[in-house]
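Visitor: So here's data-v7.cif (mmCIF, C-alpha atoms, pLDDT in the B column; chains and numbers go by the auth columns).
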```cif
data_start
#
loop_
_atom_site.group_PDB
_atom_site.id
_atom_site.type_symbol
_atom_site.label_atom_id
_atom_site.label_comp_id
_atom_site.label_asym_id
_atom_site.label_seq_id
_atom_site.Cartn_x
_atom_site.Cartn_y
_atom_site.Cartn_z
_atom_site.B_iso_or_equiv
_atom_site.auth_seq_id
_atom_site.auth_asym_id
ATOM 1 C CA MET A 1 110.364 111.892 102.555 69.00 1 A
ATOM 2 C CA GLU A 2 108.742 114.990 104.116 80.00 2 A
ATOM 3 C CA TRP A 3 105.393 113.192 104.443 85.00 3 A
ATOM 4 C CA THR A 4 107.031 110.224 106.147 88.00 4 A
ATOM 5 C CA LEU A 5 108.837 112.418 108.674 91.00 5 A
ATOM 6 C CA ALA A 6 105.668 114.411 109.427 92.00 6 A
ATOM 7 C CA ALA A 7 103.646 111.217 109.863 92.00 7 A
ATOM 8 C CA GLY A 8 106.317 109.804 112.174 91.00 8 A
ATOM 9 C CA LEU A 9 106.312 112.943 114.316 94.00 9 A
ATOM 10 C CA VAL A 10 102.523 112.923 114.692 94.00 10 A
ATOM 11 C CA ALA A 11 102.478 109.187 115.443 92.00 11 A
ATOM 12 C CA GLY A 12 105.158 109.566 118.102 93.00 12 A
ATOM 13 C CA LEU A 13 103.330 112.515 119.675 95.00 13 A
ATOM 14 C CA LEU A 14 99.933 110.819 119.941 93.00 14 A
ATOM 15 C CA ILE A 15 101.283 107.477 121.131 91.00 15 A
ATOM 16 C CA ALA A 16 103.488 109.022 123.841 92.00 16 A
ATOM 17 C CA ILE A 17 100.646 111.131 125.277 93.00 17 A
ATOM 18 C CA VAL A 18 98.642 107.968 125.898 90.00 18 A
ATOM 19 C CA THR A 19 101.433 105.665 127.073 88.00 19 A
ATOM 20 C CA ALA A 20 103.767 107.903 129.157 90.00 20 A
ATOM 21 C CA PRO A 21 101.393 108.165 132.170 90.00 21 A
ATOM 22 C CA VAL A 22 101.754 104.408 132.778 88.00 22 A
ATOM 23 C CA GLY A 23 105.498 104.076 132.096 86.00 23 A
ATOM 24 C CA VAL A 24 105.337 102.780 128.518 83.00 24 A
ATOM 25 C CA SER A 25 107.435 104.645 125.960 80.00 25 A
ATOM 26 C CA GLY A 26 105.085 103.825 123.083 81.00 26 A
ATOM 27 C CA ALA A 27 107.749 102.228 120.895 80.00 27 A
ATOM 28 C CA VAL A 28 105.852 98.939 120.944 75.00 28 A
ATOM 29 C CA PHE A 29 102.879 100.626 119.289 79.00 29 A
ATOM 30 C CA LEU A 30 105.080 102.657 116.959 84.00 30 A
ATOM 31 C CA LEU A 31 106.701 99.505 115.579 75.00 31 A
ATOM 32 C CA PRO A 32 103.716 98.307 113.484 74.00 32 A
ATOM 33 C CA VAL A 33 103.270 101.882 112.206 82.00 33 A
ATOM 34 C CA GLN A 34 106.879 101.870 111.022 83.00 34 A
ATOM 35 C CA LEU A 35 106.509 98.502 109.304 73.00 35 A
ATOM 36 C CA SER A 36 103.079 98.936 107.721 73.00 36 A
ATOM 37 C CA VAL A 37 102.816 102.688 107.093 81.00 37 A
ATOM 38 C CA LEU A 38 106.285 104.218 107.063 82.00 38 A
ATOM 39 C CA GLY A 39 108.041 101.371 105.244 79.00 39 A
ATOM 40 C CA VAL A 40 111.016 100.847 107.562 78.00 40 A
ATOM 41 C CA PRO A 41 112.810 97.608 106.545 72.00 41 A
ATOM 42 C CA ASN A 42 113.289 94.697 108.934 68.00 42 A
ATOM 43 C CA PRO A 43 115.447 94.426 111.075 67.00 43 A
ATOM 44 C CA ALA A 44 116.260 98.173 110.884 73.00 44 A
ATOM 45 C CA VAL A 45 112.904 98.809 112.550 77.00 45 A
ATOM 46 C CA THR A 46 114.324 97.554 115.867 74.00 46 A
ATOM 47 C CA PRO A 47 117.186 100.085 116.216 78.00 47 A
ATOM 48 C CA THR A 48 114.882 102.804 114.834 83.00 48 A
ATOM 49 C CA ASN A 49 112.499 102.041 117.681 82.00 49 A
ATOM 50 C CA LEU A 50 115.373 102.277 120.152 80.00 50 A
ATOM 51 C CA LEU A 51 116.403 105.612 118.634 86.00 51 A
ATOM 52 C CA TYR A 52 112.837 106.844 119.132 90.00 52 A
ATOM 53 C CA ASN A 53 113.083 105.941 122.822 88.00 53 A
ATOM 54 C CA VAL A 54 116.387 107.800 123.175 90.00 54 A
ATOM 55 C CA VAL A 55 115.013 111.024 121.690 93.00 55 A
ATOM 56 C CA ALA A 56 111.548 110.779 123.278 92.00 56 A
ATOM 57 C CA GLY A 57 112.547 109.617 126.757 91.00 57 A
ATOM 58 C CA PRO A 58 113.854 112.874 128.299 93.00 58 A
ATOM 59 C CA GLY A 59 110.484 114.613 127.887 92.00 59 A
ATOM 60 C CA ALA A 60 108.587 112.383 130.309 93.00 60 A
ATOM 61 C CA LEU A 61 111.630 111.806 132.539 93.00 61 A
ATOM 62 C CA TRP A 62 112.243 115.521 133.001 92.00 62 A
ATOM 63 C CA ARG A 63 108.638 116.036 134.027 92.00 63 A
ATOM 64 C CA TYR A 64 108.685 113.082 136.433 91.00 64 A
ATOM 65 C CA ARG A 65 111.935 114.326 137.964 89.00 65 A
ATOM 66 C CA HIS A 66 110.476 117.807 138.295 87.00 66 A
ATOM 67 C CA ASP A 67 107.518 116.311 140.201 86.00 67 A
ATOM 68 C CA GLY A 68 109.825 114.236 142.435 86.00 68 A
ATOM 69 C CA ALA A 69 108.510 110.928 141.059 83.00 69 A
ATOM 70 C CA LEU A 70 111.970 109.494 140.254 81.00 70 A
ATOM 71 C CA ARG A 71 113.038 109.243 143.897 77.00 71 A
ATOM 72 C CA GLY A 72 113.871 105.832 145.326 75.00 72 A
ATOM 73 C CA ASP A 73 115.990 102.943 144.099 84.00 73 A
ATOM 74 C CA LEU A 74 113.466 101.154 141.866 88.00 74 A
ATOM 75 C CA ALA A 75 114.688 102.961 138.740 87.00 75 A
ATOM 76 C CA ARG A 76 118.335 102.195 139.588 87.00 76 A
ATOM 77 C CA ARG A 77 117.617 98.480 140.046 88.00 77 A
ATOM 78 C CA LEU A 78 115.727 98.264 136.786 89.00 78 A
ATOM 79 C CA VAL A 79 118.456 100.081 134.866 88.00 79 A
ATOM 80 C CA LEU A 80 121.247 97.895 136.297 87.00 80 A
ATOM 81 C CA GLY A 81 119.380 94.774 135.214 87.00 81 A
ATOM 82 C CA THR A 82 118.226 95.818 131.767 87.00 82 A
ATOM 83 C CA LEU A 83 121.481 97.370 130.515 86.00 83 A
ATOM 84 C CA PRO A 84 123.482 94.128 130.091 87.00 84 A
ATOM 85 C CA GLY A 85 120.356 92.380 128.838 85.00 85 A
ATOM 86 C CA VAL A 86 119.775 94.784 125.964 80.00 86 A
ATOM 87 C CA VAL A 87 123.344 94.336 124.682 80.00 87 A
ATOM 88 C CA LEU A 88 122.908 90.565 124.672 84.00 88 A
ATOM 89 C CA GLY A 89 119.495 90.888 123.044 78.00 89 A
ATOM 90 C CA SER A 90 120.881 93.127 120.296 72.00 90 A
ATOM 91 C CA ALA A 91 123.504 90.522 119.397 76.00 91 A
ATOM 92 C CA VAL A 92 120.890 87.744 119.423 76.00 92 A
ATOM 93 C CA ARG A 93 118.622 89.796 117.149 69.00 93 A
ATOM 94 C CA VAL A 94 121.339 90.368 114.535 67.00 94 A
ATOM 95 C CA PHE A 95 123.122 87.016 114.517 71.00 95 A
ATOM 96 C CA VAL A 96 120.552 84.457 115.703 70.00 96 A
ATOM 97 C CA LEU A 97 116.959 85.646 115.320 61.00 97 A
ATOM 98 C CA PRO A 98 116.397 87.974 112.334 53.00 98 A
ATOM 99 C CA GLY A 99 112.683 87.063 112.609 56.00 99 A
ATOM 100 C CA PRO A 100 111.853 86.629 116.325 54.00 100 A
ATOM 101 C CA ASP A 101 108.311 85.232 115.993 65.00 101 A
ATOM 102 C CA VAL A 102 108.837 82.969 118.988 65.00 102 A
ATOM 103 C CA PHE A 103 109.560 85.985 121.187 62.00 103 A
ATOM 104 C CA ARG A 104 106.423 87.725 119.947 70.00 104 A
ATOM 105 C CA LEU A 105 104.409 84.674 120.937 76.00 105 A
ATOM 106 C CA LEU A 106 106.043 84.503 124.361 69.00 106 A
ATOM 107 C CA ILE A 107 105.403 88.198 125.009 71.00 107 A
ATOM 108 C CA ALA A 108 101.799 87.738 123.904 80.00 108 A
ATOM 109 C CA ALA A 109 101.403 84.782 126.280 80.00 109 A
ATOM 110 C CA LEU A 110 102.682 86.982 129.125 73.00 110 A
ATOM 111 C CA LEU A 111 100.986 90.303 128.422 78.00 111 A
ATOM 112 C CA LEU A 112 97.571 89.174 127.181 86.00 112 A
ATOM 113 C CA PRO A 113 96.406 87.375 130.346 85.00 113 A
ATOM 114 C CA LEU A 114 98.192 89.915 132.574 79.00 114 A
ATOM 115 C CA GLY A 115 96.466 92.809 130.826 84.00 115 A
ATOM 116 C CA VAL A 116 93.050 91.154 131.036 88.00 116 A
ATOM 117 C CA TRP A 117 93.610 90.433 134.739 82.00 117 A
ATOM 118 C CA LEU A 118 94.632 94.033 135.439 83.00 118 A
ATOM 119 C CA CYS A 119 91.480 95.305 133.705 87.00 119 A
ATOM 120 C CA LEU A 120 89.207 92.895 135.569 84.00 120 A
ATOM 121 C CA ARG A 121 90.896 93.647 138.869 78.00 121 A
ATOM 122 C CA THR A 122 90.378 97.364 138.285 79.00 122 A
ATOM 123 C CA VAL A 123 86.794 97.251 137.025 80.00 123 A
ATOM 124 C CA ALA A 124 85.541 94.709 139.601 72.00 124 A
ATOM 125 C CA PRO A 125 87.972 94.888 142.537 61.00 125 A
ATOM 126 C CA GLY A 126 85.673 93.067 144.938 57.00 126 A
ATOM 127 C CA ARG A 127 85.583 89.981 142.749 53.00 127 A
ATOM 128 C CA HIS A 128 89.088 89.927 141.293 49.00 128 A
ATOM 129 C CA GLN A 129 91.152 91.724 143.941 52.00 129 A
ATOM 130 C CA VAL A 130 93.920 89.779 145.620 49.00 130 A
ATOM 131 C CA ARG A 131 96.315 90.833 148.341 53.00 131 A
ATOM 132 C CA PRO A 132 99.347 92.610 146.869 53.00 132 A
ATOM 133 C CA ALA A 133 102.302 90.290 146.603 54.00 133 A
ATOM 134 C CA ALA A 134 105.449 91.066 148.530 58.00 134 A
ATOM 135 C CA GLU A 135 107.785 93.405 146.689 68.00 135 A
ATOM 136 C CA LEU A 136 110.435 91.606 144.700 76.00 136 A
ATOM 137 C CA SER A 137 113.831 91.295 146.350 81.00 137 A
ATOM 138 C CA ALA A 138 116.753 93.147 144.812 82.00 138 A
ATOM 139 C CA PRO A 139 118.219 89.996 143.131 86.00 139 A
ATOM 140 C CA ALA A 140 114.799 88.937 141.806 86.00 140 A
ATOM 141 C CA LEU A 141 114.107 92.425 140.467 88.00 141 A
ATOM 142 C CA THR A 142 117.513 92.562 138.785 87.00 142 A
ATOM 143 C CA GLY A 143 116.962 89.120 137.254 89.00 143 A
ATOM 144 C CA LEU A 144 113.559 90.142 135.924 89.00 144 A
ATOM 145 C CA ALA A 145 115.022 93.340 134.490 90.00 145 A
ATOM 146 C CA LEU A 146 117.847 91.352 132.846 90.00 146 A
ATOM 147 C CA ALA A 147 115.378 89.025 131.107 88.00 147 A
ATOM 148 C CA VAL A 148 113.242 91.941 129.996 85.00 148 A
ATOM 149 C CA GLY A 149 116.363 93.728 128.730 84.00 149 A
ATOM 150 C CA VAL A 150 117.216 90.757 126.493 83.00 150 A
ATOM 151 C CA VAL A 151 113.712 90.757 125.011 76.00 151 A
ATOM 152 C CA GLY A 152 113.852 94.534 124.628 72.00 152 A
ATOM 153 C CA GLY A 153 117.146 94.336 122.763 71.00 153 A
ATOM 154 C CA ILE A 154 115.739 91.710 120.404 72.00 154 A
ATOM 155 C CA TYR A 155 112.517 93.524 119.614 67.00 155 A
ATOM 156 C CA GLY A 156 113.440 97.151 120.273 62.00 156 A
ATOM 157 C CA ILE A 157 110.807 97.863 122.919 67.00 157 A
ATOM 158 C CA GLY A 158 112.993 99.127 125.776 65.00 158 A
ATOM 159 C CA GLY A 159 111.295 96.924 128.358 73.00 159 A
ATOM 160 C CA GLY A 160 108.931 99.297 130.155 73.00 160 A
ATOM 161 C CA SER A 161 105.885 97.817 128.438 74.00 161 A
ATOM 162 C CA ILE A 162 106.705 94.463 130.049 80.00 162 A
ATOM 163 C CA LEU A 163 108.065 95.631 133.411 85.00 163 A
ATOM 164 C CA GLY A 164 105.160 98.008 134.035 83.00 164 A
ATOM 165 C CA PRO A 165 102.306 95.470 133.913 84.00 165 A
ATOM 166 C CA ILE A 166 104.298 92.895 135.908 84.00 166 A
ATOM 167 C CA LEU A 167 105.207 95.275 138.743 88.00 167 A
ATOM 168 C CA VAL A 168 101.784 96.929 138.872 86.00 168 A
ATOM 169 C CA GLY A 169 100.216 93.467 138.809 80.00 169 A
ATOM 170 C CA ARG A 170 102.177 92.661 141.970 80.00 170 A
ATOM 171 C CA GLY A 171 100.559 95.598 143.722 80.00 171 A
ATOM 172 C CA LEU A 172 102.992 98.497 143.218 86.00 172 A
ATOM 173 C CA PRO A 173 101.303 101.848 142.446 88.00 173 A
ATOM 174 C CA VAL A 174 101.469 103.071 138.865 89.00 174 A
ATOM 175 C CA ALA A 175 102.812 106.431 140.029 88.00 175 A
ATOM 176 C CA ARG A 176 105.915 104.671 141.371 89.00 176 A
ATOM 177 C CA VAL A 177 106.375 102.153 138.567 90.00 177 A
ATOM 178 C CA ALA A 178 105.888 104.472 135.572 91.00 178 A
ATOM 179 C CA PRO A 179 108.920 106.781 136.087 92.00 179 A
ATOM 180 C CA ALA A 180 111.215 103.838 136.916 91.00 180 A
ATOM 181 C CA ALA A 181 110.049 101.845 133.886 90.00 181 A
ATOM 182 C CA LEU A 182 110.610 104.823 131.595 91.00 182 A
ATOM 183 C CA ALA A 183 114.069 105.417 133.074 91.00 183 A
ATOM 184 C CA ALA A 184 114.998 101.800 132.356 88.00 184 A
ATOM 185 C CA THR A 185 113.576 102.089 128.842 87.00 185 A
ATOM 186 C CA PHE A 186 115.605 105.228 128.132 90.00 186 A
ATOM 187 C CA ALA A 187 118.877 103.798 129.449 86.00 187 A
ATOM 188 C CA THR A 188 118.545 100.475 127.654 82.00 188 A
ATOM 189 C CA SER A 189 117.456 102.137 124.424 82.00 189 A
ATOM 190 C CA LEU A 190 120.510 104.389 124.491 85.00 190 A
ATOM 191 C CA VAL A 191 122.828 101.402 124.906 82.00 191 A
ATOM 192 C CA GLY A 192 120.826 99.257 122.470 76.00 192 A
ATOM 193 C CA ALA A 193 120.861 101.879 119.710 77.00 193 A
ATOM 194 C CA ALA A 194 124.632 102.224 120.119 80.00 194 A
ATOM 195 C CA ALA A 195 125.033 98.425 120.012 75.00 195 A
ATOM 196 C CA TYR A 196 123.084 98.197 116.752 72.00 196 A
ATOM 197 C CA ALA A 197 125.135 101.030 115.248 75.00 197 A
ATOM 198 C CA VAL A 198 128.321 99.098 116.044 78.00 198 A
ATOM 199 C CA LEU A 199 126.880 95.779 114.824 72.00 199 A
ATOM 200 C CA SER A 200 125.884 97.427 111.529 72.00 200 A
ATOM 201 C CA LEU A 201 129.592 97.892 110.800 76.00 201 A
ATOM 202 C CA VAL A 202 130.263 94.142 110.900 72.00 202 A
ATOM 203 C CA SER A 203 126.959 92.760 109.612 68.00 203 A
ATOM 204 C CA ALA A 204 125.201 92.726 106.269 64.00 204 A
ATOM 205 C CA GLY A 205 121.660 93.989 105.735 62.00 205 A
ATOM 206 C CA ASP A 206 119.581 96.854 107.108 60.00 206 A
ATOM 207 C CA ILE A 207 120.907 96.863 110.657 66.00 207 A
ATOM 208 C CA ALA A 208 121.478 100.579 111.253 70.00 208 A
ATOM 209 C CA PRO A 209 118.498 102.695 112.346 76.00 209 A
ATOM 210 C CA ASP A 210 116.619 105.034 110.017 82.00 210 A
ATOM 211 C CA TRP A 211 118.153 108.088 111.641 85.00 211 A
ATOM 212 C CA TRP A 212 115.901 110.791 110.204 90.00 212 A
ATOM 213 C CA LEU A 213 112.682 108.920 110.864 90.00 213 A
ATOM 214 C CA GLY A 214 113.788 107.815 114.338 89.00 214 A
ATOM 215 C CA VAL A 215 114.577 111.416 115.287 93.00 215 A
ATOM 216 C CA ALA A 216 111.288 112.701 113.822 94.00 216 A
ATOM 217 C CA CYS A 217 109.252 110.120 115.728 93.00 217 A
ATOM 218 C CA GLY A 218 111.326 110.827 118.815 94.00 218 A
ATOM 219 C CA ILE A 219 110.664 114.583 118.694 96.00 219 A
ATOM 220 C CA GLY A 220 106.952 113.813 118.632 95.00 220 A
ATOM 221 C CA GLY A 221 107.451 111.403 121.530 94.00 221 A
ATOM 222 C CA LEU A 222 109.524 113.999 123.416 95.00 222 A
ATOM 223 C CA ILE A 223 106.618 116.444 123.384 96.00 223 A
ATOM 224 C CA GLY A 224 103.967 113.784 123.916 94.00 224 A
ATOM 225 C CA GLY A 225 105.900 112.166 126.761 94.00 225 A
ATOM 226 C CA TYR A 226 106.177 115.458 128.619 95.00 226 A
ATOM 227 C CA LEU A 227 102.450 116.095 128.200 95.00 227 A
ATOM 228 C CA GLY A 228 101.585 112.546 129.278 93.00 228 A
ATOM 229 C CA ALA A 229 103.795 112.725 132.369 93.00 229 A
ATOM 230 C CA ARG A 230 102.262 116.071 133.292 93.00 230 A
ATOM 231 C CA LEU A 231 98.822 114.527 132.910 92.00 231 A
ATOM 232 C CA GLN A 232 99.528 111.523 135.175 91.00 232 A
ATOM 233 C CA PRO A 233 99.079 113.212 138.613 90.00 233 A
ATOM 234 C CA ARG A 234 95.632 114.369 137.472 90.00 234 A
ATOM 235 C CA LEU A 235 94.488 110.814 136.731 89.00 235 A
ATOM 236 C CA PRO A 236 93.230 108.512 139.507 91.00 236 A
ATOM 237 C CA GLU A 237 95.108 105.280 140.214 87.00 237 A
ATOM 238 C CA ARG A 238 92.126 103.265 139.003 88.00 238 A
ATOM 239 C CA ALA A 239 92.170 104.981 135.600 90.00 239 A
ATOM 240 C CA LEU A 240 95.933 104.469 135.283 90.00 240 A
ATOM 241 C CA ARG A 241 95.667 100.753 136.096 88.00 241 A
ATOM 242 C CA LEU A 242 92.847 100.347 133.586 90.00 242 A
ATOM 243 C CA LEU A 243 94.901 102.163 130.934 90.00 243 A
ATOM 244 C CA LEU A 244 97.940 99.981 131.613 88.00 244 A
ATOM 245 C CA GLY A 245 95.825 96.822 131.501 88.00 245 A
ATOM 246 C CA THR A 246 94.236 97.918 128.234 90.00 246 A
ATOM 247 C CA LEU A 247 97.623 98.679 126.678 87.00 247 A
ATOM 248 C CA ALA A 248 99.035 95.323 127.808 84.00 248 A
ATOM 249 C CA THR A 249 95.992 93.476 126.442 90.00 249 A
ATOM 250 C CA THR A 250 96.183 95.324 123.128 87.00 250 A
ATOM 251 C CA LEU A 251 99.903 94.708 122.819 80.00 251 A
ATOM 252 C CA GLY A 252 99.548 91.019 123.688 84.00 252 A
ATOM 253 C CA THR A 253 96.798 90.617 121.096 88.00 253 A
ATOM 254 C CA LEU A 254 98.872 92.424 118.483 81.00 254 A
ATOM 255 C CA TYR A 255 101.903 90.199 119.104 77.00 255 A
ATOM 256 C CA ALA A 256 99.762 87.049 119.040 83.00 256 A
ATOM 257 C CA VAL A 257 98.271 87.997 115.669 82.00 257 A
ATOM 258 C CA GLN A 258 101.690 88.879 114.233 74.00 258 A
ATOM 259 C CA SER A 259 103.319 85.663 115.406 72.00 259 A
ATOM 260 C CA LEU A 260 100.485 83.407 114.205 75.00 260 A
ATOM 261 C CA SER A 261 99.886 85.111 110.845 69.00 261 A
#
```
In structure tokens, how does this file's structure come out?

Guide:
Amino acid sequence: MEWTLAAGLVAGLLIAIVTAPVGVSGAVFLLPVQLSVLGVPNPAVTPTNLLYNVVAGPGALWRYRHDGALRGDLARRLVLGTLPGVVLGSAVRVFVLPGPDVFRLLIAALLLPLGVWLCLRTVAPGRHQVRPAAELSAPALTGLALAVGVVGGIYGIGGGSILGPILVGRGLPVARVAPAALAATFATSLVGAAAYAVLSLVSAGDIAPDWWLGVACGIGGLIGGYLGARLQPRLPERALRLLLGTLATTLGTLYAVQSLS
């Protein structure tokens, strides 16, 4: 038990340091560690991931707020869209899709080409650069956040790992997207974890989160998220875009392999 908690803390710390600067909580990369190394049963791994986001989120958010990076209404729009979506996604996960391979494949189909495009656009801007698209309208942004919230509730990823690449791919700067994406991830994870706790009372199976492990991973993520957010202003936009593209490509590849295996 002690080894598992220590391993979870270290994993959460290292993952959050790398992912927080681009608005990704790291839960998407923690999930395979929980399944393959830490032995968390399925579907309890989903609410455990959400619990990690709840504990880890304030570290990066506090730092971004301290730096003034949470100003503006982008975070509010994302939160308003993802909150109802994550509740719906949680119910779908428990009652309809205990093994959401189709959603893994869909996420892979979205993130893999988007991540590759972001990397190419960053490395060779003269060849792959396109004019930034117009910023999404408020209804379109809310609709996108709602859809991402549903997927996040099903798979326990909060949504920032999907929203970040999409919004940055449309031309928004990473420094603006990252704090808003993390704010949406924290809010939806808080509601999603609570939804799973309630659903565990009326459903059979391992629905409730692994509380001790989720908190241990989250403490690591709390520290790592703060360090990653503090590191972001010191990184150039080009490096941040390349990091986000690499993470999206890696995540898309991982989901594709999982869904096809």

Visitor: Every residue with an atom at most 7 Å from (118.4, 108.0, 128.4) (file coordinates; only C-alpha atoms) is what I'm after, so could you write them as a ChimeraX atom specification?

Guide: /A:54,57-58,183,186-187,190

Visitor: Pull the neighbourhood of (109.7, 101.7, 134.4) for me: all residues within 7 Å in file coordinates, counting all atoms listed in the file, as a count of residues only.

Guide: 14

Visitor: Find the residues near Tyr255 in chain A: any atom within 7 Å, counting only C-alpha atoms, skip ones fewer than 4 places away on the same chain, and give them as a tab-separated table (two decimals) with C-alpha atoms, in the frame of the given file.

Guide:
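Below is the file that was written, around_0.tsv:
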```
chain	number	residue	atom	x	y	z
A	104	ARG	CA	106.42	87.72	119.95
A	105	LEU	CA	104.41	84.67	120.94
A	108	ALA	CA	101.80	87.74	123.90
A	251	LEU	CA	99.90	94.71	122.82
A	259	SER	CA	103.32	85.66	115.41
```

Visitor: Excluding Ala197 in chain A and residues on its chain fewer than 4 positions from it, collect all residues at most 9 Å away from it, counting only C-alpha atoms, and give them as a PyMOL selection string.

Guide: chain A and resi 47+192-193+201+207-209

Visitor: Please build the interface table for range 175-224 of chain A against range 49-52 of chain A with a cut-off of 7 Å, listing for each qualifying residue the nearest atom pair and the distance in Å to one decimal; count only C-alpha atoms, order rows by chain and increasing number, and write it as CSV.

Guide:
```
residue,atom,partner,partner_atom,distance
A:Ser189,CA,A:Leu50,CA,4.8
A:Gly192,CA,A:Leu50,CA,6.7
A:Ala193,CA,A:Leu50,CA,5.5
A:Gly214,CA,A:Tyr52,CA,5.0
A:Val215,CA,A:Tyr52,CA,6.2
A:Cys217,CA,A:Tyr52,CA,5.9
A:Gly218,CA,A:Tyr52,CA,4.3
```

Visitor: Quick check on the file I pasted: which residues fall under the PyMOL selection byres ((chain A and resi 150) around 7)? Write them as a PyMOL selection string.

Guide: chain A and resi 85-86+88-89+146-149+151-154

Visitor: With C-alpha atoms retained, export the selected residues as a PDB file, in the frame of the given file.

Guide:
```pdb
ATOM      1  CA  GLY A  85     120.356  92.380 128.838  1.00 85.00           C
ATOM      2  CA  VAL A  86     119.775  94.784 125.964  1.00 80.00           C
ATOM      3  CA  LEU A  88     122.908  90.565 124.672  1.00 84.00           C
ATOM      4  CA  GLY A  89     119.495  90.888 123.044  1.00 78.00           C
ATOM      5  CA  LEU A 146     117.847  91.352 132.846  1.00 90.00           C
ATOM      6  CA  ALA A 147     115.378  89.025 131.107  1.00 88.00           C
ATOM      7  CA  VAL A 148     113.242  91.941 129.996  1.00 85.00           C
ATOM      8  CA  GLY A 149     116.363  93.728 128.730  1.00 84.00           C
ATOM      9  CA  VAL A 151     113.712  90.757 125.011  1.00 76.00           C
ATOM     10  CA  GLY A 152     113.852  94.534 124.628  1.00 72.00           C
ATOM     11  CA  GLY A 153     117.146  94.336 122.763  1.00 71.00           C
ATOM     12  CA  ILE A 154     115.739  91.710 120.404  1.00 72.00           C
TER      13      ILE A 154
END
```

Visitor: Determine the residue membership of the PyMOL selection byres ((chain A and resi 138) around 12) for the file above and supply it as a PyMOL selection string.

Guide: chain A and resi 73-78+80-81+135-137+139-145

Visitor: Using Å and a single decimal, report how far CA of Leu83 in chain A sits from CA of Leu213 in chain A.

Guide: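 Between CA of Leu213 in chain A and CA of Leu83 in chain A the gap is 24.4 Å.
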
Visitor: When you draw a straight line from CA of Pro173 in chain A to CA of Arg241 in chain A, how long is it in Å?

Guide: 8.6 Å

Visitor: Could you state the separation of CA of Leu31 in chain A and CA of Asn53 in chain A in Å, given to one decimal place?

Guide: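 Here the two named atoms are 11.6 Å from each other.
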
Visitor: Residues near Pro113 in chain A, anyone? I mean within 10 Å using only C-alpha atoms, not counting same-chain ones fewer than 3 positions away, as a VMD selection string.

Guide: chain A and resid 108 to 110 116 to 119 245 248 to 249 252 to 253

Visitor: Keeping C-alpha atoms for every residue in the selection just given, could you write it to a file as a PDB file, keeping the file's coordinate frame?

Guide:
```pdb
ATOM      1  CA  ALA A 108     101.799  87.738 123.904  1.00 80.00           C
ATOM      2  CA  ALA A 109     101.403  84.782 126.280  1.00 80.00           C
ATOM      3  CA  LEU A 110     102.682  86.982 129.125  1.00 73.00           C
ATOM      4  CA  VAL A 116      93.050  91.154 131.036  1.00 88.00           C
ATOM      5  CA  TRP A 117      93.610  90.433 134.739  1.00 82.00           C
ATOM      6  CA  LEU A 118      94.632  94.033 135.439  1.00 83.00           C
ATOM      7  CA  CYS A 119      91.480  95.305 133.705  1.00 87.00           C
ATOM      8  CA  GLY A 245      95.825  96.822 131.501  1.00 88.00           C
ATOM      9  CA  ALA A 248      99.035  95.323 127.808  1.00 84.00           C
ATOM     10  CA  THR A 249      95.992  93.476 126.442  1.00 90.00           C
ATOM     11  CA  GLY A 252      99.548  91.019 123.688  1.00 84.00           C
ATOM     12  CA  THR A 253      96.798  90.617 121.096  1.00 88.00           C
TER      13      THR A 253
END
```

Visitor: How big is the axis-aligned box around all listed atoms of range 243-248 of chain A once 5 Å goes on each side, and where's its centre, in Å to one decimal, as AutoDock Vina command-line options?

Guide:
```
--center_x 96.6 --center_y 98.7 --center_z 129.1 --size_x 14.8 --size_y 16.8 --size_z 14.9
```

Visitor: Closest to Ala195 in chain A among A:Gly12, A:Pro21, A:Pro84, A:Gly39, using all atoms listed in the file?

Guide: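 Smallest separation from Ala195 in chain A among the options: A:Pro84.
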